[in-house]
Amino acid sequence: MPELPEVEATRLSFADRIAGGRIEDAWLGKALRWPLGMPVGQLVGGRVLGVRRRGKYLLLDLDKGLLLLHLGMSGSLSFAPHLPPRGAHDHFELATDRGILRLNDPRRFGAVVWTPSQSDARARKLLDGLGVEPLGADFLPEAFHAALRARKAAIKQVLLSGDIVVGVGNIYASEALFLAGIRPTLSAARISRPRAARLHAAIREVLGRALAVGGTTLRNYSNAVGERGNFQFEVAVYGRSGKPCRVCGTLIKTLRQGQRATFYCPRCQKT
DNA sequence: AAAAGCCCCTGGATGC
DNA sequence: TGCATCCAGGGGCTTT
């Protein structure tokens with residue numbers, strides 16, 4: 001479900017409010033992707049210093065340790081002074097004196113992991129291999145082009161892999177490639193310097209725009225205070241199979257790459 | 001080293 | 001209405 005814009009929109013919606021909060025209660029329900037790594041009760045008494053993001057991970061800095069949160073395909077957070085009674089798909093809760101943080105995740109591909117610090121082996125295993133932040137200052141066209149040249153796989157899958165640039169999931173990979181006019185099946189290594197620069201700009205544009213409108217809400221996504229995104233009204237190709245391209249009118253096509261659907265315009269994305 | 005598949009899990013949409 | 005099948009915003013792990 002959530003890609004970078006949704007995760008960042010979620011972070012922005014509660015980071016300032018929870019910061020400084022003292023943990024009064026902590027609860028873990030059904031198992032998520034991995035075990036927490038400590039008895040959940042030991043979180044009580046600690047403090048939440050702040051919330052950062054790395055790729056699609058949320059990093060809750062505690063006075064003692066670090067809590068890594070991942071929303072997987074279907075996860076979302078809620079944060080409020082009071083929340084309705086827990087439902088079947090609520091799996092984690094952190095009650096602080098600033099409010100209650102709750103993770104809802106029907107498919108349970110998400111995760112909550114505690115580590116003593118970001119340099120701990122468990123944290124490093126999850127974070128170290130990640131590519132650069134697409135909206136950060138070190139995402140640069142030249143280095144991006146150089147990294148693409150080393151990869152022969154299809155550009156769509158290279159984007160999705162997250163090891164060159166993070167945060168681009170299935171929606172925004174298709175959208176960025178459309179904006180850049182690049183066929184999703186093209187080998188990354190065969191993308192010219194100017195086209196790589198165009199793709200670089202497209203990734204920033206589409207993620208930046210999606211974040212600005214609160215992300216994409218296909219089904220249930222909303223940020224931690226219940227606000228839905230609006231980027232679904234602006235998608236050019238994702239989920240628009242068989243509909244006319246907004247630029248040229250050609251019918252949008254779907255194909256399957258590595259178990260995931262890819263959408264593109266055969267005319268705007270010729271090669 | 002990179003690439004390709006597999007799989008975790010639940011719910012909604014579609015088809016018979 | 002009931003049941004089977006397919007599909008879904010991710011990504012770590014194993015195998016080629």
# chains A, B, ... in the order shown; residues from 1 in each chain; ligands from 1
$ interface_residues --of "chain A" --to "chain C" --cutoff "8 Å" --atoms "only C-alpha atoms (C1' of nucleotides)" --output "list in words"
Met1, Pro2, Glu3, Gly72, Met73, Ser74, Phe109, Gly169, Asn170, Ile171 and Leu218 of chain A
$ write_last_selection --atoms "N, CA, C and O atoms" --output "mmCIF file, in the first residue's frame"
data_model
loop_
_atom_site.group_PDB
_atom_site.id
_atom_site.type_symbol
_atom_site.label_atom_id
_atom_site.label_comp_id
_atom_site.auth_asym_id
_atom_site.auth_seq_id
_atom_site.Cartn_x
_atom_site.Cartn_y
_atom_site.Cartn_z
ATOM 1 N N MET A 1 0.810 -1.195 0.000
ATOM 2 C CA MET A 1 0.000 0.000 0.000
ATOM 3 C C MET A 1 0.849 1.253 0.000
ATOM 4 O O MET A 1 0.890 1.971 -0.962
ATOM 5 N N PRO A 2 1.569 1.520 1.015
ATOM 6 C CA PRO A 2 2.188 2.837 1.096
ATOM 7 C C PRO A 2 3.560 2.872 0.431
ATOM 8 O O PRO A 2 4.405 2.024 0.681
ATOM 9 N N GLU A 3 3.758 3.879 -0.386
ATOM 10 C CA GLU A 3 5.074 4.140 -0.960
ATOM 11 C C GLU A 3 5.614 5.378 -0.249
ATOM 12 O O GLU A 3 5.028 5.822 0.729
ATOM 13 N N GLY A 72 4.241 -2.214 5.180
ATOM 14 C CA GLY A 72 3.981 -3.305 4.253
ATOM 15 C C GLY A 72 3.045 -2.885 3.125
ATOM 16 O O GLY A 72 3.148 -1.781 2.603
ATOM 17 N N MET A 73 2.115 -3.760 2.762
ATOM 18 C CA MET A 73 1.187 -3.480 1.664
ATOM 19 C C MET A 73 -0.095 -2.833 2.152
ATOM 20 O O MET A 73 -0.777 -2.139 1.398
ATOM 21 N N SER A 74 -0.457 -3.100 3.371
ATOM 22 C CA SER A 74 -1.804 -2.698 3.802
ATOM 23 C C SER A 74 -1.819 -2.003 5.155
ATOM 24 O O SER A 74 -2.868 -1.856 5.760
ATOM 25 N N PHE A 109 1.903 -7.721 6.430
ATOM 26 C CA PHE A 109 3.236 -7.703 5.829
ATOM 27 C C PHE A 109 4.090 -6.633 6.486
ATOM 28 O O PHE A 109 5.274 -6.505 6.213
ATOM 29 N N GLY A 169 7.521 2.810 -5.358
ATOM 30 C CA GLY A 169 6.801 1.542 -5.381
ATOM 31 C C GLY A 169 6.068 1.358 -6.691
ATOM 32 O O GLY A 169 6.382 2.011 -7.697
ATOM 33 N N ASN A 170 5.101 0.492 -6.694
ATOM 34 C CA ASN A 170 4.482 0.072 -7.949
ATOM 35 C C ASN A 170 3.694 1.171 -8.655
ATOM 36 O O ASN A 170 3.647 1.204 -9.873
ATOM 37 N N ILE A 171 3.087 2.059 -7.908
ATOM 38 C CA ILE A 171 2.361 3.158 -8.557
ATOM 39 C C ILE A 171 3.337 4.148 -9.182
ATOM 40 O O ILE A 171 3.270 4.465 -10.365
ATOM 41 N N LEU A 218 -5.865 4.376 -2.762
ATOM 42 C CA LEU A 218 -6.546 3.454 -3.667
ATOM 43 C C LEU A 218 -7.685 2.771 -2.939
ATOM 44 O O LEU A 218 -8.773 2.608 -3.456
#
$ residues_around --residues "Pro35 of chain A" --least-positions-apart "6" --cutoff "9 Å" --atoms "only C-alpha atoms (C1' of nucleotides)" --output "PyMOL selection string"
chain A and resi 111-114
$ interface_residues --of "chain A" --to "chain B" --cutoff "8 Å" --atoms "only C-alpha atoms (C1' of nucleotides)" --output "CSV table (one decimal) with all heavy atoms, in the first residue's frame"
chain,number,residue,atom,x,y,z
A,33,ARG,N,5.4,-9.2,10.5
A,33,ARG,CA,6.4,-9.9,9.7
A,33,ARG,C,7.5,-10.5,10.6
A,33,ARG,O,8.0,-11.6,10.3
A,33,ARG,CB,6.9,-8.9,8.7
A,33,ARG,CG,8.0,-9.6,7.8
A,33,ARG,CD,8.1,-8.9,6.5
A,33,ARG,NE,8.9,-9.7,5.6
A,33,ARG,CZ,9.2,-9.4,4.4
A,33,ARG,NH1,8.7,-8.4,3.8
A,33,ARG,NH2,9.9,-10.2,3.6
A,106,PRO,N,-4.2,-5.2,7.8
A,106,PRO,CA,-4.9,-6.5,7.5
A,106,PRO,C,-4.0,-7.6,7.0
A,106,PRO,O,-4.2,-8.8,7.4
A,106,PRO,CB,-5.9,-6.0,6.4
A,106,PRO,CG,-6.1,-4.6,6.7
A,106,PRO,CD,-4.8,-4.1,7.2
A,107,ARG,N,-3.1,-7.3,6.1
A,107,ARG,CA,-2.3,-8.4,5.6
A,107,ARG,C,-1.1,-8.8,6.4
A,107,ARG,O,-0.5,-9.8,6.2
A,107,ARG,CB,-1.9,-8.1,4.1
A,107,ARG,CG,-3.1,-8.0,3.2
A,107,ARG,CD,-2.7,-7.6,1.8
A,107,ARG,NE,-2.0,-8.7,1.1
A,107,ARG,CZ,-1.5,-8.5,-0.1
A,107,ARG,NH1,-1.7,-7.4,-0.8
A,107,ARG,NH2,-0.9,-9.5,-0.7
A,108,ARG,N,-0.8,-8.0,7.3
A,108,ARG,CA,0.4,-8.2,8.2
A,108,ARG,C,1.7,-8.4,7.5
A,108,ARG,O,2.5,-9.3,8.0
A,108,ARG,CB,0.0,-9.4,9.2
A,108,ARG,CG,-1.1,-9.0,10.1
A,108,ARG,CD,-1.3,-10.1,11.2
A,108,ARG,NE,-2.0,-11.2,10.8
A,108,ARG,CZ,-1.6,-12.5,10.9
A,108,ARG,NH1,-0.4,-12.7,11.5
A,108,ARG,NH2,-2.3,-13.5,10.4
A,109,PHE,N,1.9,-7.7,6.4
A,109,PHE,CA,3.2,-7.7,5.8
A,109,PHE,C,4.1,-6.6,6.5
A,109,PHE,O,5.3,-6.5,6.2
A,109,PHE,CB,3.1,-7.4,4.3
A,109,PHE,CG,2.6,-8.5,3.5
A,109,PHE,CD1,2.3,-8.3,2.2
A,109,PHE,CD2,2.4,-9.8,4.1
A,109,PHE,CE1,1.7,-9.3,1.4
A,109,PHE,CE2,1.9,-10.8,3.3
A,109,PHE,CZ,1.5,-10.6,2.0
A,151,ARG,N,23.2,-2.0,-14.3
A,151,ARG,CA,22.1,-2.9,-14.2
A,151,ARG,C,21.4,-3.2,-15.5
A,151,ARG,O,20.9,-2.3,-16.2
A,151,ARG,CB,21.0,-2.3,-13.2
A,151,ARG,CG,21.6,-1.9,-11.8
A,151,ARG,CD,21.9,-3.1,-11.0
A,151,ARG,NE,20.7,-3.8,-10.6
A,151,ARG,CZ,20.0,-3.5,-9.5
A,151,ARG,NH1,20.5,-2.6,-8.7
A,151,ARG,NH2,18.9,-4.1,-9.3
A,153,ALA,N,18.8,-5.4,-15.8
A,153,ALA,CA,17.4,-5.7,-15.7
A,153,ALA,C,16.5,-4.5,-16.2
A,153,ALA,O,16.9,-3.4,-16.4
A,153,ALA,CB,17.1,-6.0,-14.2
A,258,GLY,N,7.8,-9.4,-12.9
A,258,GLY,CA,8.1,-9.9,-11.5
A,258,GLY,C,6.9,-9.9,-10.6
A,258,GLY,O,7.0,-9.3,-9.5
$ select_by_dssp --residues "segment 28-146 of chain A" --states "alpha helix (DSSP H)" --output "ChimeraX atom specification"
/A:121-127,141-146
$ residues_around --residues "segment 181-188 of chain A" --least-positions-apart "4" --cutoff "12 Å" --atoms "only C-alpha atoms (C1' of nucleotides)" --output "PyMOL selection string"
chain A and resi 144-160+164+170+172-177+192-202+236-237+247+253-258+261-271
$ atom_distance --atom1 "atom CA of Tyr238 of chain A" --atom2 "atom CA of Ser13 of chain A"
25.7 Å
